[in-house]
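Report on the structure given below.
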Amino acid sequence: MFDKVWLIPIFPIIGVLVNGLLGRRFEKINKSIIHWVACGAVALSFIVTCILFFQMLGLPADQRLYEFTWFKWINSGVLHSYVAYQIDPLSMMMCLFVTGVGFLIHVYSIGYMSTEEGREYRFFTYLNLFMFAMINLVLANNYLLLFLGWEGVGLCSYLLIGFWFSEEANAIAGKKAFITNRIGDFGFILGLLLLYTSLGKHGIWTLQFSEVFTHVHLLSPQVATAVCLLLFVGCTAKSAQIPLYVWLPDAMAGPTPVSALIHAATMVTSGVYMVARSNILYSMSPFAMGVVATFGALTALFAASIGLVQNDIKKVLAYSTVSQLGYMFLGLGVGAYAAGMFHVLTHAFFKALLFLGSGAVIHSMHQGLHKVHSHADAQDMRNMGGLKSKTPITYVTFLIGTLAIAGIPGFSGFFSKDEILWKAYSSPHGHFLLWLIGAIAAGMTAFYMFRLVFMTFFNESRVPDGADEHLHECPKTMTVPLMVLAFFAAVAGYLGVPHALGGSNRIHHFLDPVMGIGPGKLLHKAGGTIAHGAHAAAEAVHGAGMHHAAEHGSMFAEYLLMAISVTIALLGIFLAYTMYIKKRDIPEKLANSYPFLYRLLLNKWYVDELYELTVIKPLHGFSVLLWKGVDVAIIDGIINGVARIVGWFSGVVRYIQSGYVQSYAVSVVLGTVVLVIYYFIRAIS
Amino acid sequence: MVAYHNLYLALAVVLFTIGAIGAITRRNAIVVFMCIEIMLGAVNLAFITFSRANQSVEGIFMVMFIMAVAAAEAAVGLAIFVLMYRKRGTINVESLNLMKW
Amino acid sequence: MELIILLLCGGLTIIASLLVIFTRNTVHSALWMVTSFFFMAVLYLLLRAEFIAILQIIVYAGAIMMFVIYAIMMLNLRQEEQGPVRKTKVVGVVLLLVLFLELMVVGVGRGLLAIKGPVTDQLMAKFGHVAVLSNFLFSDYVLPFELASILLTAGVVGAVVLAKQKSE
């Protein structure tokens, strides 16, 4: 049934058309039609994905690649681009959780947006449009279609962040997201163009993955490095790394399901997916991989430091997302592509869970505060407390998610994060410093996540104006997705239990063929003869790193690092417990003793202000200069100048019109004189 | 017989120039009109001369029709002058300057 | 003989025309105009165009100048108004003198066309000027003849309409 793969993107786009065009009518008739259409579309995509996934599992490991060409898209000179999809382990894995988590979030949105006044159909239309773009992104078999999805998710992000656009701050946040993404996309396009033309010099005009990766060894190392770095610029914007992460915290202005879907589970991971997909290209350039790893590690640490002191529940989660994305890039950068993708999977579950849980908390807080007509901030953790007894389901699921993200053994986050840290230390591309930064960030993660839990759910209620009597649990449409996600957040880790702990690391082997290693190299089949170059290098890297370490008893190092990270996590939890439950005056005392540091962290290291000063103001000044100096003065000046000249000329010529008959007669005489001269000259010559 | 056609033509040119100078110089509308008639007369003379020189009749017919036109023009023109005098109280052509810029 | 009459009448015509344009009194201008027409009629006679000469007297000196004098009488004009000499007029006069010179050179000095038509002196002597003219007028040139009559009608109607007093 592989050739029905086009069904997966088509269901959401049908949902967009139906809800977009008929949504207003549906709202008047019966609102649940909109919900059924939207959720049904995603559910159908999920079912088809499952069918294809299991069908693919039935094939032997080295044959799990199927490319389906739908139609020709661009046909211009040497550029021939097709809308074509690729079924292989990596794309199927991404598609599964994109549609699965997407479906759960669609269901959650029914309850969350039920308090919206009209225009609900717009939300579901945009959500379906986002699913369409994301599915195209992950299923694409060439860079151009991937880029189409890339841009599409950026657009939907803008639409959804600024969903409540009547508030100016939301519209500005949406704009910021879109523009920052565009800057990254500029780098991405440059990378694509460089890749295309460099391969084209050897006569290979294609952007199809299998073709590109078969021939990528033809590129010189400098070109490969340049391409990788330019593509990574796109990733820094889309996946919120330094320096273009600044849009993600502001994006929390959008509705919480949006934050969960787009900024936790799917869109921000598209950068990680892209790098993982291009692993063969990246393996050709150790320098680019180093850059990726360094940026990832630094981002992880940097964002975690900001999250330590934020008071808005969604902001904490936003910075946590940036930090976790840093981890994923760290994993990719040291060559552990499968580990990075594994963390994508587990992060999707527990981060979506955490965002949806926070949404449930905010929803309950809104209901309660609304009842007592209070205008307090429903998202500020200082207004929360004691919600453990009021909203038990939310509490339990949220706790599971927090345990996962903190890396407590047994939960999913532990396995994926730990593998990344191990590889950061042991891989030939890795380095002790990278591991150290990652470990410190892990400790900080545990600390601020448990700080969040303690401030929100524990102690006595700090909810103002007596609204705490009106707090209660959320509707079923919101709690059921929470429970499903909590289940996955708990067990998804068991897909990747490393050898050291006796597991078979299933997910790693599952993704191996895509990463070009192991006995079933997928691209061996696609390319025919693959020259040694990149492949041999990649093989050497992974082979040496993984099997070598596993077989030569460095398992001791692995156990040691595992123990250290668990200890750090527990330390973080203990510190949070002490500061927020036992001796609750410590945070304030710390803030007062180091006011400069506190303010620096609270204000996000003043990065936004720095950008404003160094980038935005000069650009703005330059634009004003172009406007006033070039457009108004020069261009308008030329046009107006021409008009003025014509006017001046007419002003001179008009004196001929004296209104005086005899002067007209004089001009007749003048004409006659001229004519006679003319005829005379003609006659004599 | 010696033909003096060139003299007739010279005479016609002189008359024409005199008429044109008068039409441009004088301010009284009726005098301007009379100068235009002088010009037409000069043209008539030229036509007759040519007709005689070429032994044809076209020149003579031309003159006849010019005369007819001059008569009609005189009638209408003088009616306009009367009208103008009624409106403005003067017959000075310099007073008709509404078309001035 | 012809030459003497030609020079005499030509000179008198020129003098009369000059007096037309240089006299201040409007009525005097009109009278000198009539004189000029008479002398031109004599010139036509010299050129053997008898019919035209008679027409000149009847139409020009008779009808048209009568119009002019009626108009002068109705408008009660005497002296012409004085005023500053405009620059345009000076330019115009200069240009006209240039034109005069040109025409003298071009028109008079170059000679005439040599294509001869059918109307010879003998023919005219045999039938008479009027008969010859009417022979051609009512056969070859009947269309302009008819159009001229329409034109004259239009002129009459136009003149009456324009000069009519508005009925109270």
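Lettering and numbering for the structure tokens are positional, with chains as A, B, ... in the shown order, residues counted from 1 in each chain, and ligands counted from 1 in the shown order.
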At most 6 Å to chain B: residues in chain A, only C-alpha atoms, as number ranges by chain: A: 657-660, 662
Written selection (N, CA and C atoms) as a compact mmCIF listing (two decimals), in the first residue's frame:
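Dumped everything to again_31.txt:
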```
# COMPACT_ATOMS: atom_id res chain seq x y z
N GLN A 657 -0.16 82.87 -26.43
CA GLN A 657 -1.61 83.00 -26.48
C GLN A 657 -1.98 84.35 -25.90
N SER A 658 -1.95 85.36 -26.72
CA SER A 658 -2.21 86.68 -26.16
C SER A 658 -3.67 87.07 -26.28
N GLY A 659 -4.44 86.23 -26.95
CA GLY A 659 -5.85 86.57 -27.07
C GLY A 659 -6.07 87.70 -28.04
N TYR A 660 -5.11 87.96 -28.83
CA TYR A 660 -5.07 89.18 -29.62
C TYR A 660 -4.91 88.77 -31.08
N GLN A 662 -4.46 89.98 -33.97
CA GLN A 662 -3.46 90.39 -34.95
C GLN A 662 -2.11 89.74 -34.71
```
Distance of atom CA of A:Leu199 from atom CA of A:Val138, expressed in Å to one decimal place: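 Atom CA of A:Leu199 lies 23.3 Å from atom CA of A:Val138.
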Exercise answer, chain C residues close to chain B, 6 Å and only C-alpha atoms, as a PyMOL selection string: chain C and resi 21+93+108+116-117+119-120+152+155+159+162-163
Exercise answer, chain C residues close to chain A, 9 Å and only C-alpha atoms, as number ranges by chain: C: 88-89, 91-93, 95-96, 98-99, 102-103, 106
For A:Ser323: contacts at 7 Å, only C-alpha atoms, fewer than 5 positions along chain excluded, given as a list of chain:residue names: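 Everything that qualifies: A:Thr299, A:Ala300, A:Leu301, A:Ala303, A:Ala304.
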Stretch 354-356 of chain A environment, 7 Å, only C-alpha atoms, sequence neighbours closer than 3 positions dropped, as number ranges by chain: A: 256-257, 259-260, 350-351, 359-360, 398, 401, 482
Generate the output file for the selected residues, N, CA and C atoms, as an mmCIF file, in the first residue's frame.
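Result file is result_24.cif:
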```cif
data_model
loop_
_atom_site.group_PDB
_atom_site.id
_atom_site.type_symbol
_atom_site.label_atom_id
_atom_site.label_comp_id
_atom_site.auth_asym_id
_atom_site.auth_seq_id
_atom_site.Cartn_x
_atom_site.Cartn_y
_atom_site.Cartn_z
ATOM 1 N N THR A 256 -2.093 27.836 24.151
ATOM 2 C CA THR A 256 -1.209 26.774 24.631
ATOM 3 C C THR A 256 -1.159 25.556 23.715
ATOM 4 N N PRO A 257 -2.264 25.102 23.116
ATOM 5 C CA PRO A 257 -2.127 23.957 22.205
ATOM 6 C C PRO A 257 -1.134 24.262 21.088
ATOM 7 N N SER A 259 1.503 26.202 21.360
ATOM 8 C CA SER A 259 2.829 26.047 21.935
ATOM 9 C C SER A 259 3.187 24.578 22.031
ATOM 10 N N ALA A 260 2.199 23.761 22.407
ATOM 11 C CA ALA A 260 2.506 22.348 22.555
ATOM 12 C C ALA A 260 2.846 21.728 21.215
ATOM 13 N N PHE A 350 7.073 14.167 26.152
ATOM 14 C CA PHE A 350 6.978 14.808 27.461
ATOM 15 C C PHE A 350 6.840 16.325 27.366
ATOM 16 N N LYS A 351 7.377 16.950 26.315
ATOM 17 C CA LYS A 351 7.192 18.400 26.238
ATOM 18 C C LYS A 351 5.760 18.753 25.876
ATOM 19 N N GLY A 359 -1.287 24.236 30.039
ATOM 20 C CA GLY A 359 -2.516 24.799 29.489
ATOM 21 C C GLY A 359 -3.706 24.477 30.351
ATOM 22 N N ALA A 360 -3.734 23.219 30.873
ATOM 23 C CA ALA A 360 -4.842 22.845 31.749
ATOM 24 C C ALA A 360 -4.825 23.688 33.011
ATOM 25 N N PHE A 398 1.405 15.847 34.905
ATOM 26 C CA PHE A 398 2.473 16.842 34.846
ATOM 27 C C PHE A 398 3.718 16.322 35.559
ATOM 28 N N GLY A 401 5.587 13.952 33.403
ATOM 29 C CA GLY A 401 6.362 14.685 32.397
ATOM 30 C C GLY A 401 7.614 15.295 32.983
ATOM 31 N N LEU A 482 -3.871 14.249 27.976
ATOM 32 C CA LEU A 482 -2.810 14.320 28.962
ATOM 33 C C LEU A 482 -2.418 12.926 29.422
#
```
Give me, as a short mmCIF file (atom, residue, chain, number, x, y, z; two decimals) with N, CA and C atoms, in the first residue's frame, all polymer residues having an atom no more than 7 Å from A:Thr225, counting only C-alpha atoms and skipping those fewer than 5 positions away in the same chain.
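part.cif was written with the following content:
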```cif
data_model
loop_
_atom_site.label_atom_id
_atom_site.label_comp_id
_atom_site.auth_asym_id
_atom_site.auth_seq_id
_atom_site.Cartn_x
_atom_site.Cartn_y
_atom_site.Cartn_z
N SER A 285 31.95 16.83 6.93
CA SER A 285 32.60 18.04 7.40
C SER A 285 32.68 18.05 8.91
N PHE A 287 34.19 19.95 10.79
CA PHE A 287 34.12 21.31 11.32
C PHE A 287 32.67 21.72 11.55
N ALA A 288 31.82 21.42 10.53
CA ALA A 288 30.41 21.79 10.69
C ALA A 288 29.78 21.04 11.85
#
```
d(atom CA of A:Ile362, atom CA of A:Lys388) in Å: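 Interatomic distance, atom CA of A:Ile362 to atom CA of A:Lys388: 14.0 Å.
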Pairwise distance for atom CA of A:Val42 and atom CA of A:Phe103, rounded to one decimal in Å: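 That distance, rounded to one decimal, is 5.6 Å.
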Alpha helix (DSSP H) call set, DSSP backbone run, stretch 2-100 of chain B, as a ChimeraX atom specification: /B:5-25,29-54,58-88
